[in-house]
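For reference, start33.pdb is printed below; it contains PDB, C-alpha atoms.
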```pdb
ATOM      1  CA  MET A   1      82.493  73.465 121.236
ATOM      2  CA  ARG A   2      81.336  70.972 123.826
ATOM      3  CA  LYS A   3      82.718  67.502 123.614
ATOM      4  CA  ALA A   4      80.185  64.707 123.291
ATOM      5  CA  GLN A   5      79.953  62.836 126.564
ATOM      6  CA  PRO A   6      80.806  59.114 126.283
ATOM      7  CA  GLU A   7      77.817  56.811 126.789
ATOM      8  CA  ALA A   8      77.672  55.653 130.386
ATOM      9  CA  ASP A   9      76.707  51.993 130.792
ATOM     10  CA  ILE A  10      74.366  51.183 133.653
ATOM     11  CA  ASN A  11      76.071  48.964 136.162
ATOM     12  CA  LEU A  12      73.856  45.910 136.118
ATOM     13  CA  LEU A  13      75.951  43.737 138.390
ATOM     14  CA  PRO A  14      74.333  44.782 141.723
ATOM     15  CA  ILE A  15      70.875  44.172 140.244
ATOM     16  CA  MET A  16      72.012  40.793 138.944
ATOM     17  CA  ASN A  17      73.328  39.925 142.404
ATOM     18  CA  LEU A  18      69.989  40.830 143.934
ATOM     19  CA  PHE A  19      68.093  38.712 141.398
ATOM     20  CA  VAL A  20      70.334  35.720 141.925
ATOM     21  CA  VAL A  21      69.588  35.872 145.647
ATOM     22  CA  LEU A  22      65.844  36.508 145.187
ATOM     23  CA  ILE A  23      65.169  33.721 142.709
ATOM     24  CA  PRO A  24      66.240  30.748 144.888
ATOM     25  CA  PHE A  25      64.352  32.320 147.800
ATOM     26  CA  LEU A  26      61.154  32.585 145.741
ATOM     27  CA  LEU A  27      61.640  29.115 144.282
ATOM     28  CA  MET A  28      61.449  27.694 147.809
ATOM     29  CA  GLY A  29      58.085  29.331 148.368
ATOM     30  CA  ILE A  30      56.471  28.523 145.057
ATOM     31  CA  SER A  31      53.844  25.860 144.670
ATOM     32  CA  PHE A  32      53.805  23.850 141.486
ATOM     33  CA  LEU A  33      50.744  21.899 142.674
ATOM     34  CA  GLN A  34      47.416  23.637 142.302
ATOM     35  CA  VAL A  35      45.760  22.755 145.591
ATOM     36  CA  GLY A  36      42.202  23.574 146.591
ATOM     37  CA  SER A  37      39.781  22.148 149.085
ATOM     38  CA  LEU A  38      36.332  20.652 149.488
ATOM     39  CA  ASP A  39      34.518  21.588 152.651
ATOM     40  CA  GLY A  40      32.746  18.997 154.716
ATOM     41  CA  SER A  41      31.982  18.222 158.294
ATOM     42  CA  THR A  42      31.725  15.359 160.693
ATOM     43  CA  PRO A  43      28.469  14.780 162.600
ATOM     44  CA  VAL A  44      28.280  16.381 166.031
ATOM     45  CA  MET A  45      25.696  16.121 168.788
ATOM     46  CA  ALA A  46      23.654  19.305 168.932
ATOM     47  CA  GLY A  47      20.972  20.294 171.367
ATOM     48  CA  GLY A  48      17.808  20.839 169.335
ATOM     49  CA  THR A  49      15.399  23.612 170.183
ATOM     50  CA  GLY A  50      12.441  21.594 169.000
ATOM     51  CA  ALA A  51      11.041  24.519 167.008
ATOM     52  CA  GLN A  52      12.993  23.824 163.821
ATOM     53  CA  LYS A  53      11.384  22.039 160.904
ATOM     54  CA  GLN A  54      12.785  18.653 159.997
ATOM     55  CA  PRO A  55      14.668  19.207 156.693
ATOM     56  CA  THR A  56      14.874  16.770 153.798
ATOM     57  CA  VAL A  57      17.768  14.403 154.390
ATOM     58  CA  VAL A  58      19.618  12.951 151.403
ATOM     59  CA  THR A  59      21.961  10.070 152.183
ATOM     60  CA  VAL A  60      24.435   8.448 149.811
ATOM     61  CA  GLN A  61      26.004   5.178 150.892
ATOM     62  CA  ILE A  62      29.101   4.284 148.902
ATOM     63  CA  ALA A  63      30.057   0.625 148.733
ATOM     64  CA  ASP A  64      32.478  -1.378 146.615
ATOM     65  CA  THR A  65      29.877  -2.477 144.099
ATOM     66  CA  ALA A  66      27.071   0.078 144.304
ATOM     67  CA  LEU A  67      25.857   3.418 145.574
ATOM     68  CA  GLN A  68      22.592   3.690 147.431
ATOM     69  CA  ILE A  69      20.767   6.994 147.537
ATOM     70  CA  GLN A  70      18.065   7.516 150.106
ATOM     71  CA  VAL A  71      15.821  10.543 150.556
ATOM     72  CA  GLU A  72      13.870  11.174 153.737
ATOM     73  CA  PRO A  73      11.481  14.029 152.897
ATOM     74  CA  GLY A  74      11.312  16.828 155.421
ATOM     75  CA  GLU A  75       8.253  18.524 156.864
ATOM     76  CA  GLU A  76       8.043  20.971 153.960
ATOM     77  CA  ALA A  77       7.449  18.093 151.502
ATOM     78  CA  GLU A  78       4.058  17.071 152.836
ATOM     79  CA  GLY A  79       2.802  13.654 151.794
ATOM     80  CA  ALA A  80       6.089  12.571 150.241
ATOM     81  CA  THR A  81       7.498   9.236 151.312
ATOM     82  CA  SER A  82      11.082   8.107 151.575
ATOM     83  CA  GLN A  83      12.665   6.814 148.403
ATOM     84  CA  THR A  84      15.733   4.768 147.553
ATOM     85  CA  TRP A  85      17.764   4.391 144.363
ATOM     86  CA  THR A  86      20.684   2.092 143.690
ATOM     87  CA  VAL A  87      23.427   2.787 141.155
ATOM     88  CA  ALA A  88      25.643  -0.171 140.284
ATOM     89  CA  LYS A  89      29.378   0.520 140.068
ATOM     90  CA  ASP A  90      30.056  -1.461 136.928
ATOM     91  CA  ASP A  91      32.773  -0.850 134.324
ATOM     92  CA  THR A  92      30.879   2.042 132.765
ATOM     93  CA  PHE A  93      30.175   3.810 136.063
ATOM     94  CA  SER A  94      31.356   7.338 136.631
ATOM     95  CA  VAL A  95      30.201   9.937 139.121
ATOM     96  CA  GLU A  96      29.655  12.572 136.445
ATOM     97  CA  GLY A  97      28.009  10.150 134.014
ATOM     98  CA  ALA A  98      25.721   8.159 136.297
ATOM     99  CA  LEU A  99      25.369   9.601 139.778
ATOM    100  CA  VAL A 100      25.126  13.342 139.116
ATOM    101  CA  PRO A 101      22.412  13.044 136.385
ATOM    102  CA  LEU A 102      20.346  10.765 138.645
ATOM    103  CA  MET A 103      20.644  13.154 141.571
ATOM    104  CA  GLN A 104      19.631  16.085 139.362
ATOM    105  CA  ALA A 105      16.683  14.317 137.747
ATOM    106  CA  GLU A 106      15.282  12.431 140.711
ATOM    107  CA  VAL A 107      16.368  14.202 143.881
ATOM    108  CA  LYS A 108      16.991  17.861 143.076
ATOM    109  CA  ALA A 109      13.984  18.069 140.741
ATOM    110  CA  ARG A 110      11.640  16.804 143.477
ATOM    111  CA  TYR A 111      13.328  18.397 146.482
ATOM    112  CA  PRO A 112      14.940  21.617 145.261
ATOM    113  CA  ASP A 113      15.370  22.876 148.838
ATOM    114  CA  ALA A 114      17.512  19.905 149.821
ATOM    115  CA  ASN A 115      20.998  21.357 150.236
ATOM    116  CA  SER A 116      22.566  19.004 152.706
ATOM    117  CA  LEU A 117      23.872  15.550 152.006
ATOM    118  CA  VAL A 118      25.145  12.810 154.266
ATOM    119  CA  LEU A 119      27.862  10.642 152.730
ATOM    120  CA  ILE A 120      28.386   7.220 154.241
ATOM    121  CA  PRO A 121      31.370   5.521 152.587
ATOM    122  CA  GLN A 122      32.269   1.925 153.237
ATOM    123  CA  PRO A 123      35.298   2.048 155.595
ATOM    124  CA  THR A 124      37.542  -0.025 153.340
ATOM    125  CA  LEU A 125      37.104   2.207 150.275
ATOM    126  CA  PRO A 126      40.090   4.309 149.193
ATOM    127  CA  TYR A 127      39.845   7.943 150.264
ATOM    128  CA  ALA A 128      40.134   9.015 146.595
ATOM    129  CA  GLN A 129      36.761   7.427 145.761
ATOM    130  CA  VAL A 130      35.054   9.345 148.557
ATOM    131  CA  ILE A 131      36.572  12.611 147.347
ATOM    132  CA  GLU A 132      35.440  11.824 143.787
ATOM    133  CA  VAL A 133      31.822  11.506 144.944
ATOM    134  CA  MET A 134      32.125  14.626 147.133
ATOM    135  CA  SER A 135      33.545  16.600 144.236
ATOM    136  CA  GLY A 136      30.753  15.527 141.874
ATOM    137  CA  LEU A 137      27.874  16.182 144.282
ATOM    138  CA  ARG A 138      29.118  19.361 145.949
ATOM    139  CA  PRO A 139      27.567  21.715 143.336
ATOM    140  CA  LEU A 140      24.152  20.155 144.063
ATOM    141  CA  PHE A 141      24.542  19.809 147.839
ATOM    142  CA  PRO A 142      26.836  22.473 149.280
ATOM    143  CA  GLN A 143      26.480  21.252 152.870
ATOM    144  CA  MET A 144      28.106  17.865 153.149
ATOM    145  CA  THR A 145      28.544  15.653 156.173
ATOM    146  CA  VAL A 146      30.815  12.653 155.918
ATOM    147  CA  THR A 147      30.623   9.747 158.290
ATOM    148  CA  THR A 148      30.896   5.984 158.303
ATOM    149  CA  ALA A 149      28.193   3.434 158.980
ATOM    150  CA  ALA A 150      27.822   2.516 162.661
ATOM    151  CA  ARG A 151      29.709  -0.681 163.349
TER     152      ARG A 151
ATOM    153  CA  MET B 152      78.269  43.825 124.024
ATOM    154  CA  SER B 153      78.260  47.402 122.830
ATOM    155  CA  SER B 154      78.917  48.585 119.266
ATOM    156  CA  LYS B 155      82.190  50.143 120.423
ATOM    157  CA  ASP B 156      83.530  46.761 121.409
ATOM    158  CA  LEU B 157      82.568  45.256 118.075
ATOM    159  CA  GLU B 158      84.182  48.106 116.226
ATOM    160  CA  TRP B 159      87.343  47.597 118.215
ATOM    161  CA  ALA B 160      87.405  43.845 117.679
ATOM    162  CA  PHE B 161      87.102  44.121 113.872
ATOM    163  CA  ARG B 162      89.426  47.056 113.359
ATOM    164  CA  GLY B 163      91.491  46.231 110.285
ATOM    165  CA  ASP B 164      94.398  48.649 110.588
ATOM    166  CA  GLY B 165      96.992  45.868 110.553
ATOM    167  CA  ARG B 166      98.330  46.690 113.985
ATOM    168  CA  ARG B 167      98.158  43.972 116.632
ATOM    169  CA  ARG B 168      96.610  45.091 119.841
ATOM    170  CA  ARG B 169      96.338  43.376 123.153
ATOM    171  CA  ALA B 170      92.998  41.533 123.416
ATOM    172  CA  ARG B 171      90.524  43.287 125.688
ATOM    173  CA  PRO B 172      88.252  41.017 127.766
ATOM    174  CA  ALA B 173      84.793  41.070 126.203
ATOM    175  CA  PRO B 174      82.117  42.226 128.664
ATOM    176  CA  LEU B 175      79.381  39.763 129.617
ATOM    177  CA  PRO B 176      76.068  40.331 127.799
ATOM    178  CA  LEU B 177      74.216  41.236 130.991
ATOM    179  CA  THR B 178      71.212  42.818 129.306
ATOM    180  CA  SER B 179      69.859  39.559 127.957
ATOM    181  CA  MET B 180      70.477  37.854 131.307
ATOM    182  CA  MET B 181      68.627  40.683 133.038
ATOM    183  CA  ASP B 182      65.672  40.182 130.684
ATOM    184  CA  MET B 183      65.553  36.494 131.480
ATOM    185  CA  LEU B 184      65.879  36.968 135.227
ATOM    186  CA  THR B 185      63.204  39.661 135.243
ATOM    187  CA  ILE B 186      60.755  37.303 133.530
ATOM    188  CA  ILE B 187      61.589  34.504 135.976
ATOM    189  CA  LEU B 188      61.250  36.872 138.924
ATOM    190  CA  ILE B 189      57.813  38.083 137.813
ATOM    191  CA  PHE B 190      56.649  34.503 137.230
ATOM    192  CA  LEU B 191      57.805  33.452 140.691
ATOM    193  CA  LEU B 192      56.233  36.473 142.372
ATOM    194  CA  LEU B 193      52.898  35.764 140.702
ATOM    195  CA  ASN B 194      52.945  32.144 141.820
ATOM    196  CA  LEU B 195      54.065  32.820 145.361
ATOM    197  CA  ARG B 196      51.314  32.387 147.893
ATOM    198  CA  GLN B 197      51.344  32.717 151.616
ATOM    199  CA  ASP B 198      49.794  30.073 153.870
ATOM    200  CA  TYR B 199      49.318  27.710 150.992
ATOM    201  CA  ALA B 200      48.932  24.077 151.961
ATOM    202  CA  ALA B 201      50.647  22.773 148.853
ATOM    203  CA  ASN B 202      53.896  24.404 149.867
ATOM    204  CA  LYS B 203      54.205  21.920 152.651
ATOM    205  CA  VAL B 204      52.733  18.719 151.257
ATOM    206  CA  ALA B 205      54.626  15.982 153.001
ATOM    207  CA  GLN B 206      56.530  13.142 151.433
ATOM    208  CA  HIS B 207      54.600   9.892 150.885
ATOM    209  CA  LEU B 208      51.437  11.913 150.368
ATOM    210  CA  ASP B 209      49.538  11.957 147.077
ATOM    211  CA  LEU B 210      46.458  14.112 147.317
ATOM    212  CA  PRO B 211      43.301  13.040 145.461
ATOM    213  CA  THR B 212      42.222  15.037 142.418
ATOM    214  CA  ALA B 213      38.929  16.951 142.308
ATOM    215  CA  VAL B 214      37.212  20.162 141.311
ATOM    216  CA  PRO B 215      37.874  22.213 144.432
ATOM    217  CA  GLY B 216      35.825  24.967 145.991
ATOM    218  CA  ALA B 217      38.097  27.197 148.012
ATOM    219  CA  GLU B 218      41.631  27.758 149.178
ATOM    220  CA  PRO B 219      42.797  25.208 151.727
ATOM    221  CA  ILE B 220      43.008  27.541 154.708
ATOM    222  CA  GLY B 221      42.188  26.631 158.298
ATOM    223  CA  ALA B 222      43.158  26.890 161.936
ATOM    224  CA  HIS B 223      45.187  23.696 161.821
ATOM    225  CA  ARG B 224      46.743  21.475 159.200
ATOM    226  CA  ILE B 225      46.296  17.749 159.635
ATOM    227  CA  SER B 226      48.371  15.626 157.307
ATOM    228  CA  ILE B 227      47.950  11.860 156.930
ATOM    229  CA  SER B 228      50.602  10.413 154.663
ATOM    230  CA  ARG B 229      51.226   6.738 153.981
ATOM    231  CA  THR B 230      53.771   6.737 156.827
ATOM    232  CA  GLN B 231      52.932   9.464 159.323
ATOM    233  CA  LEU B 232      50.200  11.508 160.993
ATOM    234  CA  GLU B 233      51.131  15.163 161.491
ATOM    235  CA  LEU B 234      49.412  18.094 163.125
ATOM    236  CA  ASP B 235      50.772  21.470 161.990
ATOM    237  CA  ASP B 236      53.960  19.754 160.772
ATOM    238  CA  VAL B 237      54.526  18.113 164.163
ATOM    239  CA  PRO B 238      54.608  14.300 163.908
ATOM    240  CA  MET B 239      51.948  12.641 166.053
ATOM    241  CA  GLY B 240      52.781   9.044 165.208
ATOM    242  CA  GLN B 241      53.256   6.485 162.499
ATOM    243  CA  VAL B 242      50.781   5.183 159.962
ATOM    244  CA  ILE B 243      51.491   1.484 159.502
ATOM    245  CA  ASP B 244      49.877  -0.373 156.605
ATOM    246  CA  GLY B 245      47.329   2.400 156.273
ATOM    247  CA  GLN B 246      46.256   2.139 159.926
ATOM    248  CA  ILE B 247      46.681   4.434 162.921
ATOM    249  CA  THR B 248      46.823   3.001 166.433
ATOM    250  CA  ASP B 249      44.534   4.167 169.236
ATOM    251  CA  ASP B 250      47.540   5.497 171.175
ATOM    252  CA  VAL B 251      48.554   7.790 168.315
ATOM    253  CA  LEU B 252      44.970   9.001 167.942
ATOM    254  CA  GLY B 253      44.787   9.641 171.691
ATOM    255  CA  VAL B 254      47.892  11.847 171.585
ATOM    256  CA  PHE B 255      46.565  13.640 168.501
ATOM    257  CA  ARG B 256      43.205  14.306 170.190
ATOM    258  CA  GLU B 257      44.865  15.655 173.341
ATOM    259  CA  VAL B 258      47.140  18.040 171.434
ATOM    260  CA  LEU B 259      44.246  19.282 169.337
ATOM    261  CA  LEU B 260      42.030  19.681 172.398
ATOM    262  CA  ASP B 261      44.715  21.784 174.110
ATOM    263  CA  SER B 262      44.813  24.104 171.116
ATOM    264  CA  PHE B 263      41.039  24.687 171.093
ATOM    265  CA  ASP B 264      40.256  28.337 171.612
ATOM    266  CA  GLU B 265      36.884  28.666 173.351
ATOM    267  CA  GLU B 266      36.597  32.386 172.617
ATOM    268  CA  GLN B 267      37.178  31.870 168.912
ATOM    269  CA  GLY B 268      34.976  28.774 168.697
ATOM    270  CA  PRO B 269      35.315  25.946 166.211
ATOM    271  CA  ALA B 270      37.315  26.820 163.098
ATOM    272  CA  PRO B 271      37.748  24.633 160.012
ATOM    273  CA  VAL B 272      40.912  22.579 159.732
ATOM    274  CA  VAL B 273      42.727  21.606 156.557
ATOM    275  CA  LEU B 274      43.021  17.860 156.052
ATOM    276  CA  LEU B 275      45.632  16.526 153.656
ATOM    277  CA  ALA B 276      45.267  12.776 153.307
ATOM    278  CA  ASP B 277      46.878  10.333 150.906
ATOM    279  CA  GLN B 278      44.436   9.186 148.240
ATOM    280  CA  SER B 279      45.294   5.502 148.669
ATOM    281  CA  LEU B 280      44.501   5.341 152.387
ATOM    282  CA  PRO B 281      41.356   3.462 153.379
ATOM    283  CA  TYR B 282      38.600   5.876 154.287
ATOM    284  CA  GLU B 283      38.354   4.251 157.733
ATOM    285  CA  THR B 284      41.767   5.710 158.656
ATOM    286  CA  VAL B 285      40.801   9.191 157.506
ATOM    287  CA  ASP B 286      37.462   8.878 159.281
ATOM    288  CA  ARG B 287      39.101   7.982 162.599
ATOM    289  CA  VAL B 288      41.249  11.115 162.420
ATOM    290  CA  VAL B 289      38.258  13.228 161.391
ATOM    291  CA  ARG B 290      36.216  11.885 164.310
ATOM    292  CA  ALA B 291      39.052  12.499 166.760
ATOM    293  CA  ALA B 292      39.309  16.085 165.533
ATOM    294  CA  GLY B 293      35.526  16.458 165.829
ATOM    295  CA  GLU B 294      35.692  15.259 169.437
ATOM    296  CA  ALA B 295      38.418  17.834 170.112
ATOM    297  CA  GLY B 296      36.112  20.618 168.914
ATOM    298  CA  PHE B 297      36.992  20.815 165.220
ATOM    299  CA  PRO B 298      34.089  19.259 163.262
ATOM    300  CA  ASP B 299      34.531  21.291 160.056
ATOM    301  CA  PHE B 300      37.097  20.320 157.450
ATOM    302  CA  ASN B 301      38.636  21.562 154.256
ATOM    303  CA  PHE B 302      39.654  18.383 152.459
ATOM    304  CA  ALA B 303      42.705  19.371 150.413
ATOM    305  CA  VAL B 304      42.718  18.150 146.824
ATOM    306  CA  VAL B 305      44.803  18.716 143.739
ATOM    307  CA  LYS B 306      42.868  20.726 141.187
ATOM    308  CA  GLU B 307      41.813  18.704 138.161
ATOM    309  CA  GLY B 308      44.301  19.432 135.398
ATOM    310  CA  GLY B 309      46.459  21.381 137.858
TER     311      GLY B 309
END
```

Entire entry expressed as structure tokens:
Amino acid sequence: MRKAQPEADINLLPIMNLFVVLIPFLLMGISFLQVGSLDGSTPVMAGGTGAQKQPTVVTVQIADTALQIQVEPGEEAEGATSQTWTVAKDDTFSVEGALVPLMQAEVKARYPDANSLVLIPQPTLPYAQVIEVMSGLRPLFPQMTVTTAAR
Amino acid sequence: MSSKDLEWAFRGDGRRRRARPAPLPLTSMMDMLTIILIFLLLNLRQDYAANKVAQHLDLPTAVPGAEPIGAHRISISRTQLELDDVPMGQVIDGQITDDVLGVFREVLLDSFDEEQGPAPVVLLADQSLPYETVDRVVRAAGEAGFPDFNFAVVKEGG
């Protein structure tokens, strides 16, 4: 009669050693902050060919107390004239609550082809406020140029 | 601990035996470490800007579009301007001097690859800095041939 073999335990120590080395190594490479990005550009001088149509230009000036939105209609919007709106930055102001609905109702509804936006923040504004406006308007205007007013 | 060990420990035959060292319960530790390892592997990302966010730098919060990946990494903290982790100069009271910007522009210009053309750069800037400071760096980078930016932000709720 064959004797029953005793149960052999798996030697877990080498695996444990490996794990203990791997975990601190991975902890150094992990990111606990979820970081993404918003794309934008700075204006550059470009040589025009002269054959391109003038597109609709939407400009948003961000100041301490108000935002001014200006639309210069392009050649495709024949007969349209430039328009300006002002949004006061009072206590109830928020980009999602005030600026985005206005841009959708007034600008995007009239100029659906307008995809580019020029942001002109006041130089003294905190960077976070500029990013807040960029973040809110980026779904409506994917091409964003950020600059400051000429001084 | 195996059932054999338990059986041995509670044997009631009256005879005293020399105590055997109880083995460590490695199975439960293995379970725990395996879970931690999988979690860490899933969250590990290569070339991820957040891995290297500098001290004195609080990124603004927003709904982001893409991963912050670019040819260079410009970091403007409350104390220092860095290009690809190399300090370019100090930021004092939220301002950068013209000398520091000049050095930054030169280094960036030297790295411009004409064959590759302009590539976007990742910009990590502290949310409390005045926009003027960020704009001066952005303009300097634009002059050096890098006009496109990925403004790094912390994901809302992230």

Inset, instruction - Would you be able to write out as JSON, numbers by chain which residues have an atom within 12 Å of (35.9, 2.7, 158.7) in the file's coordinates, counting all atoms listed in the file? - result: {"A": [63, 120, 121, 122, 123, 124, 125, 126, 127, 146, 147, 148, 149, 150, 151], "B": [245, 246, 247, 280, 281, 282, 283, 284, 285, 286, 287, 288, 289, 290]}

Inset, instruction - Step by step, work through what the PyMOL selection byres ((chain B) within 7 of (chain A)) selects in the shown file, and finish by giving those residues as an MDAnalysis selection string. - result: chainID B and resid 177 181 184 188 191 194:195 201:202 211 213:219 278:283 286 289:290 293 298:306 309

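Across the structure, CA of Phe190 (chain B) and CA of Val273 (chain B) are spaced 27.1 Å apart.
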
Inset, instruction - Could you check how far CA of Asp249 (chain B) sits from CA of Val60 (chain A), in Å to one decimal? - result: 28.3 Å

Legend entry - Resolved residues for the PyMOL selection byres ((chain A and resi 140) around 12) as a ChimeraX atom specification: /A:58,99-105,107-109,111-117,133-139,141-144

Identify, on the basis of all atoms listed in the file, every residue whose closest approach to Pro73 (chain A) does not exceed 7 Å; exclude the query and any residue fewer than 3 positions from it along the same chain; express the result as an mmCIF file with C-alpha atoms, in the coordinates of the input.
```cif
data_model
loop_
_atom_site.group_PDB
_atom_site.id
_atom_site.type_symbol
_atom_site.label_atom_id
_atom_site.label_comp_id
_atom_site.auth_asym_id
_atom_site.auth_seq_id
_atom_site.Cartn_x
_atom_site.Cartn_y
_atom_site.Cartn_z
ATOM 1 C CA THR A 56 14.874 16.770 153.798
ATOM 2 C CA VAL A 57 17.768 14.403 154.390
ATOM 3 C CA ALA A 77 7.449 18.093 151.502
ATOM 4 C CA ALA A 80 6.089 12.571 150.241
ATOM 5 C CA THR A 81 7.498 9.236 151.312
ATOM 6 C CA SER A 82 11.082 8.107 151.575
#
```

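Interatomic distance, CA of Asp209 (chain B) to CA of Asp277 (chain B): 4.9 Å.
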
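Minimum atom-to-atom distance to Ala66 (chain A), evaluated using all atoms listed in the file, belongs to A:Thr86 out of A:Thr86, A:Gln5, A:Asn17, A:Ser94.
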
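Taking all atoms listed in the file into account, Pro269 (chain B) lies nearest to B:Ala222 out of the set B:Ile227, B:Ala222, B:Ile189, B:Ile243.
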
Legend entry - Ground truth for the PyMOL selection byres ((chain B and resi 223) around 7), written as a PyMOL selection string: chain B and resi 221-222+224-225+235+272-273

May I have the residues from that selection written out with C-alpha atoms, as a compact mmCIF listing (two decimals), in the coordinates of the input?
```txt
# COMPACT_ATOMS: atom_id res chain seq x y z
CA GLY B 221 42.19 26.63 158.30
CA ALA B 222 43.16 26.89 161.94
CA ARG B 224 46.74 21.48 159.20
CA ILE B 225 46.30 17.75 159.64
CA ASP B 235 50.77 21.47 161.99
CA VAL B 272 40.91 22.58 159.73
CA VAL B 273 42.73 21.61 156.56
```
